[in-house]
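Engineer: Handing over data33.cif, mmCIF, C-alpha atoms.
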```cif
data_model
loop_
_atom_site.label_atom_id
_atom_site.label_comp_id
_atom_site.auth_asym_id
_atom_site.auth_seq_id
_atom_site.Cartn_x
_atom_site.Cartn_y
_atom_site.Cartn_z
CA MET A 718 0.00 0.00 0.00
CA SER A 719 1.26 3.48 -0.91
CA ASN A 720 2.56 5.61 1.96
CA SER A 721 0.26 8.40 0.77
CA LEU A 722 -2.78 6.13 0.87
CA ALA A 723 -1.85 4.85 4.33
CA THR A 724 -1.39 8.44 5.50
CA ALA A 725 -4.82 9.44 4.16
CA ARG A 726 -6.38 6.58 6.11
CA GLN A 727 -4.57 7.59 9.27
CA LEU A 728 -5.78 11.19 8.96
CA ALA A 729 -9.36 10.22 8.12
CA PRO A 730 -10.72 10.11 11.71
CA MET A 731 -9.32 13.55 12.52
CA ILE A 732 -10.67 15.01 9.27
CA ALA A 733 -14.08 13.43 9.83
CA ALA A 734 -14.20 14.85 13.37
CA ALA A 735 -13.58 18.33 11.92
CA GLY A 736 -16.50 17.98 9.48
CA ASP A 737 -18.96 20.07 11.48
CA ALA A 738 -16.46 22.91 11.86
CA ILE A 739 -15.52 22.76 8.17
CA GLU A 740 -19.21 22.98 7.25
CA ARG A 741 -19.90 25.79 9.72
CA GLU A 742 -16.86 27.93 8.87
CA ARG A 743 -17.12 27.18 5.14
CA ARG A 744 -13.42 26.39 4.87
CA LEU A 745 -10.97 23.78 6.06
CA THR A 746 -9.97 24.21 9.69
CA PRO A 747 -6.38 25.30 10.47
CA GLU A 748 -5.80 21.91 12.13
CA VAL A 749 -6.83 20.02 9.00
CA VAL A 750 -4.75 22.26 6.75
CA GLU A 751 -1.72 21.80 8.99
CA ALA A 752 -2.17 18.01 8.98
CA LEU A 753 -2.46 17.95 5.18
CA HIS A 754 0.75 19.95 4.85
CA ALA A 755 2.60 17.79 7.37
CA ALA A 756 1.53 14.67 5.49
CA GLY A 757 2.56 16.08 2.11
CA LEU A 758 -0.93 15.62 0.67
CA TYR A 759 -0.84 18.95 -1.15
CA ARG A 760 2.33 17.75 -2.92
CA LEU A 761 1.27 14.35 -4.24
CA LEU A 762 1.78 15.22 -7.91
CA LEU A 763 4.92 17.32 -7.63
CA PRO A 764 8.29 15.83 -8.67
CA ARG A 765 10.64 14.65 -5.97
CA ASN A 766 13.16 17.40 -6.74
CA LEU A 767 10.51 19.85 -5.49
CA GLY A 768 9.72 17.79 -2.42
CA GLY A 769 6.79 16.02 -4.05
CA ALA A 770 5.69 12.38 -4.03
CA GLU A 771 5.61 11.89 -7.84
CA LEU A 772 2.51 9.76 -7.27
CA ASP A 773 0.90 7.82 -10.11
CA LEU A 774 -2.68 8.76 -11.00
CA MET A 775 -4.12 5.40 -9.96
CA THR A 776 -2.94 5.86 -6.38
CA PHE A 777 -3.80 9.57 -6.44
CA SER A 778 -7.42 8.71 -7.23
CA LEU A 779 -7.54 6.23 -4.32
CA VAL A 780 -6.05 8.80 -1.91
CA ILE A 781 -8.71 11.34 -2.90
CA GLU A 782 -11.41 8.70 -2.45
CA GLU A 783 -10.09 7.88 1.03
CA LEU A 784 -10.13 11.55 2.05
CA ALA A 785 -13.65 11.97 0.65
CA LYS A 786 -14.93 9.16 2.85
CA ALA A 787 -13.93 11.41 5.76
CA ASP A 788 -14.93 14.79 4.30
CA GLY A 789 -15.86 15.79 0.76
CA SER A 790 -14.59 19.38 0.99
CA THR A 791 -11.17 18.30 2.20
CA ALA A 792 -10.82 15.78 -0.62
CA TRP A 793 -11.94 18.35 -3.18
CA CYS A 794 -9.40 20.93 -2.03
CA VAL A 795 -6.56 18.40 -2.07
CA CYS A 796 -7.54 17.24 -5.55
CA GLN A 797 -7.77 20.78 -6.90
CA ALA A 798 -4.45 21.86 -5.39
CA ASN A 799 -2.65 18.87 -6.87
CA GLY A 800 -4.14 19.55 -10.28
CA CYS A 801 -2.94 23.16 -10.10
CA ALA A 802 0.51 21.92 -9.05
CA GLN A 803 0.85 20.45 -12.54
CA SER A 804 1.95 23.97 -13.44
CA ALA A 805 5.41 23.01 -12.18
CA GLY A 806 5.96 20.97 -15.34
CA PHE A 807 5.53 24.02 -17.57
CA LEU A 808 7.83 26.37 -15.65
CA GLU A 809 11.57 26.79 -15.76
CA ALA A 810 13.24 24.82 -12.97
CA ASP A 811 14.19 27.90 -10.93
CA GLU A 812 10.71 29.39 -11.21
CA ALA A 813 9.04 26.10 -10.32
CA ARG A 814 11.26 25.94 -7.23
CA ALA A 815 10.42 29.52 -6.27
CA ILE A 816 6.69 28.77 -6.40
CA PHE A 817 6.47 25.18 -5.19
CA GLY A 818 9.69 24.74 -3.25
CA GLY A 819 8.23 25.79 0.07
CA GLN A 820 6.59 23.02 2.07
CA ARG A 821 3.39 25.06 2.45
CA ALA A 822 3.03 26.08 -1.17
CA VAL A 823 -0.52 25.78 -2.53
CA LEU A 824 -1.75 27.10 -5.88
CA ALA A 825 -5.46 27.69 -6.57
CA TRP A 826 -7.29 28.99 -9.61
CA GLY A 827 -10.64 29.08 -11.36
CA PRO A 828 -12.34 30.09 -14.62
CA GLY A 829 -13.17 33.66 -15.54
CA ALA A 830 -12.44 36.50 -17.92
CA ALA A 831 -9.48 38.84 -18.20
CA GLN A 832 -7.87 41.60 -20.20
CA VAL A 833 -4.23 40.84 -20.98
CA SER A 834 -1.60 43.06 -22.54
CA GLU A 835 1.97 42.06 -23.24
CA VAL A 836 4.57 44.50 -21.88
CA PRO A 837 8.35 44.39 -21.57
CA GLY A 838 9.31 41.49 -19.31
CA GLY A 839 5.84 40.02 -19.00
CA PHE A 840 2.13 40.82 -19.01
CA ARG A 841 -0.36 43.09 -17.34
CA ILE A 842 -3.66 41.46 -16.47
CA SER A 843 -7.01 42.61 -15.11
CA GLY A 844 -9.86 40.24 -14.51
CA LYS A 845 -12.24 38.31 -12.31
CA TRP A 846 -12.39 34.56 -11.74
CA GLY A 847 -14.46 32.21 -9.64
CA PHE A 848 -14.69 28.68 -8.24
CA ALA A 849 -11.19 28.92 -6.78
CA SER A 850 -11.44 25.87 -4.51
CA GLY A 851 -8.94 26.04 -1.66
CA CYS A 852 -8.05 29.66 -2.29
CA ARG A 853 -8.22 30.41 1.44
CA GLN A 854 -5.23 28.09 1.98
CA ALA A 855 -3.39 29.17 -1.16
CA SER A 856 -0.05 30.93 -1.21
CA TRP A 857 -0.36 31.45 -4.98
CA LEU A 858 -3.27 32.10 -7.31
CA GLY A 859 -3.47 31.57 -11.04
CA CYS A 860 -5.73 32.31 -13.96
CA TYR A 861 -5.96 31.15 -17.52
CA VAL A 862 -7.24 32.89 -20.64
CA THR A 863 -7.87 31.85 -24.22
CA VAL A 864 -5.11 32.99 -26.57
CA LEU A 865 -6.33 35.08 -29.52
CA ASP A 866 -4.48 36.08 -32.68
CA ALA A 867 -4.21 39.64 -34.02
CA ALA A 868 -7.64 39.33 -35.63
CA GLY A 869 -9.24 38.25 -32.37
CA LYS A 870 -9.66 34.64 -33.49
CA GLN A 871 -9.16 31.85 -30.97
CA GLN A 872 -5.85 30.05 -31.46
CA LEU A 873 -5.63 26.27 -31.24
CA ALA A 874 -3.03 23.92 -29.79
CA PRO A 875 -1.60 21.12 -31.99
CA ASP A 876 -4.27 18.71 -30.71
CA GLY A 877 -7.05 21.05 -31.81
CA THR A 878 -8.03 22.29 -28.36
CA PRO A 879 -8.21 26.04 -27.56
CA LEU A 880 -4.79 27.42 -26.65
CA LEU A 881 -4.74 28.67 -23.05
CA ARG A 882 -2.22 30.93 -21.36
CA THR A 883 -1.88 30.60 -17.60
CA PHE A 884 -0.55 33.22 -15.20
CA VAL A 885 0.65 32.57 -11.64
CA PHE A 886 0.95 35.30 -8.99
CA PRO A 887 1.15 35.62 -5.18
CA ALA A 888 -2.21 35.20 -3.47
CA GLU A 889 -1.86 38.55 -1.71
CA SER A 890 -1.86 40.26 -5.13
CA ALA A 891 -5.56 39.49 -5.54
CA GLU A 892 -8.72 40.50 -3.75
CA ILE A 893 -10.69 37.41 -2.72
CA ARG A 894 -14.47 37.81 -2.47
CA ASP A 895 -16.61 35.63 -0.21
CA VAL A 896 -19.25 34.36 -2.63
CA TRP A 897 -19.37 30.63 -1.78
CA GLN A 898 -22.90 30.50 -0.35
CA VAL A 899 -23.91 27.04 -1.60
CA ILE A 900 -25.69 23.84 -0.54
CA GLY A 901 -22.75 21.44 -0.60
CA LEU A 902 -18.95 21.21 -0.46
CA LYS A 903 -19.21 24.34 1.65
CA GLY A 904 -15.75 23.88 3.13
CA THR A 905 -13.98 24.23 -0.21
CA ALA A 906 -14.41 28.03 0.02
CA SER A 907 -14.48 28.13 -3.78
CA ASP A 908 -14.60 31.89 -3.77
CA ALA A 909 -14.04 34.54 -6.44
CA TYR A 910 -10.95 36.71 -6.85
CA GLU A 911 -9.83 39.61 -8.99
CA VAL A 912 -6.79 41.65 -9.94
CA GLN A 913 -6.43 45.03 -11.58
CA ASP A 914 -3.50 45.94 -13.83
CA LEU A 915 -1.29 43.30 -12.21
CA PHE A 916 2.17 42.76 -13.70
CA VAL A 917 3.08 39.07 -14.09
CA PRO A 918 6.64 38.27 -15.19
CA ALA A 919 6.89 36.24 -18.39
CA GLU A 920 8.55 33.37 -16.53
CA ARG A 921 5.38 32.97 -14.43
CA SER A 922 3.25 32.50 -17.51
CA PHE A 923 2.94 29.46 -19.77
CA LEU A 924 0.84 27.96 -22.52
CA ARG A 925 -1.23 25.39 -20.68
CA ASN A 926 -1.81 22.78 -23.40
CA MET A 927 1.67 22.72 -24.92
CA PRO A 928 4.49 20.26 -24.13
CA ARG A 929 5.97 20.45 -20.62
CA ARG A 930 9.58 21.28 -19.79
CA THR A 931 9.96 18.02 -17.87
CA ASP A 932 9.52 14.56 -19.35
CA TYR A 933 8.31 12.86 -16.17
CA PRO A 934 5.44 10.51 -17.24
CA LEU A 935 2.89 12.29 -15.04
CA TYR A 936 3.41 15.47 -17.01
CA ARG A 937 2.46 13.74 -20.25
CA PHE A 938 -1.13 13.92 -19.04
CA THR A 939 -3.15 17.09 -19.51
CA ILE A 940 -4.13 19.02 -16.39
CA ASN A 941 -7.71 18.05 -17.18
CA SER A 942 -6.68 14.38 -17.13
CA VAL A 943 -5.45 14.83 -13.57
CA TYR A 944 -8.84 16.22 -12.57
CA MET A 945 -10.47 13.27 -14.34
CA ALA A 946 -8.53 10.98 -12.00
CA GLY A 947 -9.20 12.92 -8.80
CA PHE A 948 -12.74 14.28 -8.86
CA PRO A 949 -14.43 10.91 -9.46
CA GLY A 950 -12.49 9.80 -6.38
CA VAL A 951 -14.34 12.50 -4.44
CA ALA A 952 -17.70 11.21 -5.65
CA LEU A 953 -16.84 7.56 -5.00
CA GLY A 954 -15.55 8.34 -1.51
CA ILE A 955 -18.67 10.26 -0.52
CA ALA A 956 -20.92 7.51 -1.90
CA ARG A 957 -18.94 4.78 -0.10
CA ALA A 958 -19.29 6.68 3.16
CA MET A 959 -23.04 7.05 2.57
CA LEU A 960 -23.40 3.33 1.88
CA ALA A 961 -21.51 2.52 5.09
CA GLU A 962 -23.69 4.93 7.07
CA PHE A 963 -26.83 3.37 5.62
CA ILE A 964 -25.68 -0.17 6.40
CA ALA A 965 -25.13 0.89 10.02
CA LEU A 966 -28.58 2.50 10.11
CA ALA A 967 -30.27 -0.50 8.49
CA GLY A 968 -29.31 -2.72 11.38
CA THR A 969 -31.10 -0.57 13.94
CA LYS A 970 -33.95 1.29 12.22
CA THR A 971 -37.46 -0.15 12.05
CA PRO A 972 -39.42 2.12 9.72
CA ARG A 973 -42.79 3.42 10.86
CA LEU A 974 -45.71 1.07 10.23
CA THR A 975 -43.40 -1.91 9.67
CA ARG A 976 -42.30 -4.76 11.93
CA ASN A 977 -38.79 -5.46 10.65
CA THR A 978 -35.56 -3.51 10.57
CA LEU A 979 -34.35 -2.15 7.26
CA CYS A 980 -31.69 -4.84 7.01
CA GLU A 981 -34.41 -7.52 7.04
CA ASP A 982 -36.18 -5.96 4.05
CA ALA A 983 -35.57 -7.94 0.83
CA LEU A 984 -35.61 -4.77 -1.32
CA VAL A 985 -33.01 -3.11 0.90
CA GLN A 986 -30.82 -6.20 0.75
CA ALA A 987 -30.89 -6.13 -3.05
CA GLN A 988 -30.27 -2.38 -3.15
CA VAL A 989 -27.23 -2.63 -0.89
CA ALA A 990 -25.72 -5.36 -3.07
CA GLN A 991 -26.35 -3.38 -6.24
CA CYS A 992 -24.88 -0.22 -4.72
CA GLN A 993 -21.74 -2.09 -3.76
CA ALA A 994 -21.46 -3.47 -7.31
CA LYS A 995 -21.91 -0.02 -8.84
CA LEU A 996 -19.15 1.53 -6.73
CA ASP A 997 -16.73 -1.36 -7.19
CA SER A 998 -17.28 -1.60 -10.95
CA ALA A 999 -16.99 2.17 -11.44
CA ARG A 1000 -13.75 2.26 -9.48
CA ALA A 1001 -12.42 -0.78 -11.39
CA LEU A 1002 -13.11 0.88 -14.75
CA LEU A 1003 -11.52 4.11 -13.58
CA GLN A 1004 -8.44 2.32 -12.30
CA GLN A 1005 -8.19 0.25 -15.48
CA THR A 1006 -8.20 3.27 -17.77
CA LEU A 1007 -5.79 5.18 -15.53
CA GLU A 1008 -3.44 2.18 -15.54
CA ALA A 1009 -3.57 1.96 -19.33
CA GLY A 1010 -2.94 5.68 -19.61
CA TRP A 1011 -0.07 5.52 -17.14
CA GLN A 1012 1.56 2.73 -19.15
CA ALA A 1013 1.19 4.77 -22.33
CA ALA A 1014 2.64 7.85 -20.62
CA GLN A 1015 5.71 5.89 -19.58
CA GLU A 1016 6.21 4.80 -23.18
CA GLY A 1017 5.36 8.09 -24.88
CA ARG A 1018 2.19 10.14 -25.14
CA LEU A 1019 -1.45 9.37 -24.53
CA SER A 1020 -3.48 8.69 -27.65
CA VAL A 1021 -6.82 10.37 -28.32
CA GLU A 1022 -8.50 7.03 -27.63
CA GLN A 1023 -6.88 6.82 -24.20
CA ARG A 1024 -7.86 10.38 -23.32
CA LEU A 1025 -11.46 9.63 -24.28
CA ALA A 1026 -11.39 6.42 -22.25
CA ASN A 1027 -10.29 8.47 -19.24
CA ARG A 1028 -13.13 10.90 -19.84
CA LEU A 1029 -15.68 8.08 -20.07
CA SER A 1030 -14.56 6.25 -16.93
CA SER A 1031 -14.32 9.50 -14.94
CA THR A 1032 -17.78 10.77 -15.83
CA TYR A 1033 -19.30 7.30 -15.42
CA ALA A 1034 -17.84 6.95 -11.92
CA ILE A 1035 -19.33 10.27 -10.79
CA HIS A 1036 -22.77 9.33 -12.10
CA GLN A 1037 -22.67 5.85 -10.58
CA ALA A 1038 -21.70 7.37 -7.23
CA ARG A 1039 -24.59 9.82 -7.47
CA GLU A 1040 -26.99 6.94 -8.19
CA VAL A 1041 -25.78 5.10 -5.10
CA ALA A 1042 -26.22 8.23 -3.01
CA ASP A 1043 -29.77 8.68 -4.29
CA THR A 1044 -30.61 5.07 -3.49
CA VAL A 1045 -29.36 4.98 0.09
CA PHE A 1046 -30.62 8.48 0.93
CA HIS A 1047 -34.15 7.54 -0.13
CA ALA A 1048 -33.95 4.12 1.54
CA ALA A 1049 -32.99 5.77 4.84
CA GLY A 1050 -36.34 7.57 4.94
CA ALA A 1051 -36.89 10.65 7.10
CA THR A 1052 -33.75 9.90 9.13
CA ALA A 1053 -31.62 11.21 6.27
CA ILE A 1054 -33.19 14.66 6.14
CA TYR A 1055 -31.97 15.77 9.56
CA MET A 1056 -28.84 17.90 9.63
CA SER A 1057 -27.66 15.87 12.61
CA HIS A 1058 -27.27 12.77 10.42
CA PRO A 1059 -24.18 12.32 8.19
CA LEU A 1060 -26.30 11.27 5.19
CA GLU A 1061 -27.78 14.77 4.96
CA ARG A 1062 -24.49 16.59 4.50
CA ARG A 1063 -22.99 13.91 2.27
CA MET A 1064 -26.03 14.03 0.01
CA ARG A 1065 -25.63 17.78 -0.43
CA ASP A 1066 -21.92 17.31 -1.09
CA ILE A 1067 -22.38 14.69 -3.79
CA MET A 1068 -25.15 16.71 -5.42
CA THR A 1069 -22.64 19.56 -5.67
CA VAL A 1070 -19.96 17.26 -7.11
CA SER A 1071 -22.39 16.08 -9.78
CA GLN A 1072 -23.06 19.69 -10.86
CA HIS A 1073 -19.38 20.17 -11.75
CA LEU A 1074 -18.00 20.34 -15.28
CA GLN A 1075 -16.42 16.90 -14.76
CA ALA A 1076 -19.88 15.31 -14.45
CA ARG A 1077 -21.59 16.83 -17.47
CA GLN A 1078 -23.81 14.45 -19.42
CA GLN A 1079 -22.35 15.93 -22.61
CA HIS A 1080 -19.12 14.02 -21.90
CA PHE A 1081 -20.93 10.81 -22.81
CA GLU A 1082 -21.94 12.51 -26.06
CA THR A 1083 -18.29 13.33 -26.78
CA VAL A 1084 -17.17 9.74 -26.28
CA GLY A 1085 -20.14 8.51 -28.28
CA GLN A 1086 -19.12 10.74 -31.18
CA ALA A 1087 -15.72 9.06 -31.28
CA LEU A 1088 -17.20 5.58 -31.03
CA LEU A 1089 -19.47 6.38 -33.98
CA GLY A 1090 -16.57 7.62 -36.10
CA LEU A 1091 -17.36 11.32 -35.74
CA GLU A 1092 -15.02 14.13 -34.67
CA PRO A 1093 -15.08 14.45 -30.85
CA ASP A 1094 -14.57 17.62 -28.84
CA LEU A 1095 -11.13 17.06 -27.29
CA SER A 1096 -11.28 20.19 -25.15
CA VAL A 1097 -12.97 18.10 -22.44
CA THR A 1098 -10.09 15.60 -22.30
#
```
When written as structure tokens, how does the structure in this file appear?
Structural biologist:
Amino acid sequence: MSNSLATARQLAPMIAAAGDAIERERRLTPEVVEALHAAGLYRLLLPRNLGGAELDLMTFSLVIEELAKADGSTAWCVCQANGCAQSAGFLEADEARAIFGGQRAVLAWGPGAAQVSEVPGGFRISGKWGFASGCRQASWLGCYVTVLDAAGKQQLAPDGTPLLRTFVFPAESAEIRDVWQVIGLKGTASDAYEVQDLFVPAERSFLRNMPRRTDYPLYRFTINSVYMAGFPGVALGIARAMLAEFIALAGTKTPRLTRNTLCEDALVQAQVAQCQAKLDSARALLQQTLEAGWQAAQEGRLSVEQRLANRLSSTYAIHQAREVADTVFHAAGATAIYMSHPLERRMRDIMTVSQHLQARQQHFETVGQALLGLEPDLSVT
């Protein structure tokens, strides 16, 4: 078993115990953040020469799932921070060390719009962005914008996806706005931020979907591929925790107007078995495609077919997890609607996960296009 996975399991009880405070404060508690730093869980996907674990994506997904069983917001923040840390592969070695060399370095970013002008030595940017999960723990913030040519037409990378330029700057350079008033994953503090006429040196800017400066196999995956490994782990972890909570409840609850406990109900027995199968099969497919992709990355580059397989298994896992959550939440009856019961918060969390870009139903359409011999939209891979 990976040291990182064992560490996640060791931290799980402490993280779970902090769940109420994380929900109430709408951000990770200082104690949880400190424990994550001490365990190196913000640095899972950084190279060893920057103090990272150089973890493979199969294990990374399992670590995120383990954290999500304890708390969805914590797992989401760790996943997002590690995806952002992929920036290290695009930067010059000295710049990567300046940003990620510190043991408490965390980069956060989110989508938005910006005005960018190139000036001597770098760029000046003004803009607003949102959904910056983990920005309250971040030492650095980033943003990315679509690259346009002189005529204002969107430029494309060699693989046909829109060319994106990313900028990285100290977190204190931006104004963070508290806008994360939501129903689930409250502790991610996925707030908005903005900068005005901020100078960013050229060396802290890079073209996001171009070849990396390092040839480590992990950096042969797109940043989006990293998210496709991690975010389904969040969904699977939450759903596994909900199934475990329901199994515990089923042994003690006798529903109103019935004589038997839930666990003695034949329908419940079948549902529990089917839920277990859904979670195990979704994880197996995810791990299988990640393993195939990892093997390809070690030998060269991922093919379009492999990227689409990752997209399919990732989206499928999130939807299977959501189905399991729906099943056990409904089967638990009125017990699940009380805020004092773990099923209530976890249901809100997984509903929020399933609203994310990574869970869009259109991803199945994209993969279906390829299977039918049509041209797929590779921007989602």
Engineer: Considering all atoms listed in the file, state which residue in the set A:Asp932, A:Asp876, A:Asp997, A:Glu783 is at the smallest distance from Ser1020 in chain A.
Structural biologist: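 Result for the nearest residue to Ser1020 in chain A: A:Asp876.
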Engineer: Listing only residues of range 746-809 of chain A within 9 Å of range 1005-1017 of chain A, what is the closest atom pair and its distance in Å (to one decimal) for each, using all atoms listed in the file, sorted by chain and residue number ascending, as JSON lines?
Structural biologist:
```
{"residue": "A:Asp773", "atom": "CA", "partner": "A:Trp1011", "partner_atom": "CA", "distance": 7.5}
{"residue": "A:Leu774", "atom": "CA", "partner": "A:Leu1007", "partner_atom": "CA", "distance": 6.6}
{"residue": "A:Met775", "atom": "CA", "partner": "A:Leu1007", "partner_atom": "CA", "distance": 5.8}
```
Engineer: Would you mind telling me which residue in A:Leu953, A:Cys801, A:Ala813, A:Val823 lies nearest to Cys860 in chain A when using all atoms listed in the file?
Structural biologist: A:Cys801
Engineer: Between CA of Asp1094 in chain A and CA of Ala831 in chain A, what is the distance, to one decimal in Å?
Structural biologist: 24.3 Å
Engineer: Determine, using only C-alpha atoms, which residues of range 832-879 of chain A have any atom at most 10 Å from an atom of range 726-749 of chain A, and tabulate each with its shortest atom pair and distance in Å to one decimal place, rows ordered by chain and then rising number, as a tab-separated table.
Structural biologist:
```
residue	atom	partner	partner_atom	distance
A:Ser850	CA	A:Arg744	CA	9.6
A:Gly851	CA	A:Arg744	CA	7.9
A:Cys852	CA	A:Arg744	CA	9.5
A:Arg853	CA	A:Arg744	CA	7.4
A:Gln854	CA	A:Leu745	CA	8.3
```
Engineer: Work out how far apart CA of Met1056 in chain A and CA of Gly789 in chain A are and give it in Å to one decimal.
Structural biologist: 15.9 Å
Engineer: Using only C-alpha atoms, which residue out of A:Ile964, A:His1073, A:Val836, A:Glu889 lies closest to Leu1060 in chain A?
Structural biologist: A:Ile964
Engineer: Point out the residue among A:Gln1037, A:Gln1078, A:Lys970, A:Ala906 with the least atom-to-atom distance to Ala952 in chain A, counting only C-alpha atoms.
Structural biologist: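 So, comparing all the options, the nearest one is A:Gln1037.
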Engineer: So, counting only C-alpha atoms, which residue among A:Thr905, A:Ser843, A:Gln898, A:Thr878 is closest to Met927 in chain A?
Structural biologist: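 Residue with the minimum atom-to-atom distance to Met927 in chain A: A:Thr878.
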Engineer: Choose the residue, out of A:Ser856, A:Asn926, A:Gln913, A:Asn1027, that has the smallest atom-to-atom separation from Glu892 in chain A; count all atoms listed in the file.
Structural biologist: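 Of A:Ser856, A:Asn926, A:Gln913, A:Asn1027, the one nearest Glu892 in chain A, counting all atoms listed in the file, is A:Gln913.
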Engineer: Under the PyMOL selection byres ((chain A and resi 928-931) around 9), which residues of this model are included? Write them out as a ChimeraX atom specification.
Structural biologist: /A:804-810,924-927,932-934,936-937
Engineer: Measure the distance from CA of Val899 in chain A to CA of Cys796 in chain A in Å and round it to one decimal.
Structural biologist: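 Here the two named atoms are 19.5 Å from each other.
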Engineer: Identify all residues satisfying the PyMOL selection byres ((chain A and resi 761) around 8) in the given file; provide them as number ranges by chain.
Structural biologist: A: 721, 757-760, 762-763, 769-772, 777, 799
Engineer: Run the PyMOL selection byres ((chain A and resi 834) around 12) on the file and write out the hits as a list in words.
Structural biologist: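 Applying the PyMOL selection byres ((chain A and resi 834) around 12) to the structure shown produces Ala831, Gln832, Val833, Glu835, Val836, Pro837, Gly838, Gly839, Phe840, Arg841, Ile842, Ser843, Gly844, Val862, Val864, Leu865, Asp914, Leu915, Phe916, Val917 and Ala919 of chain A.
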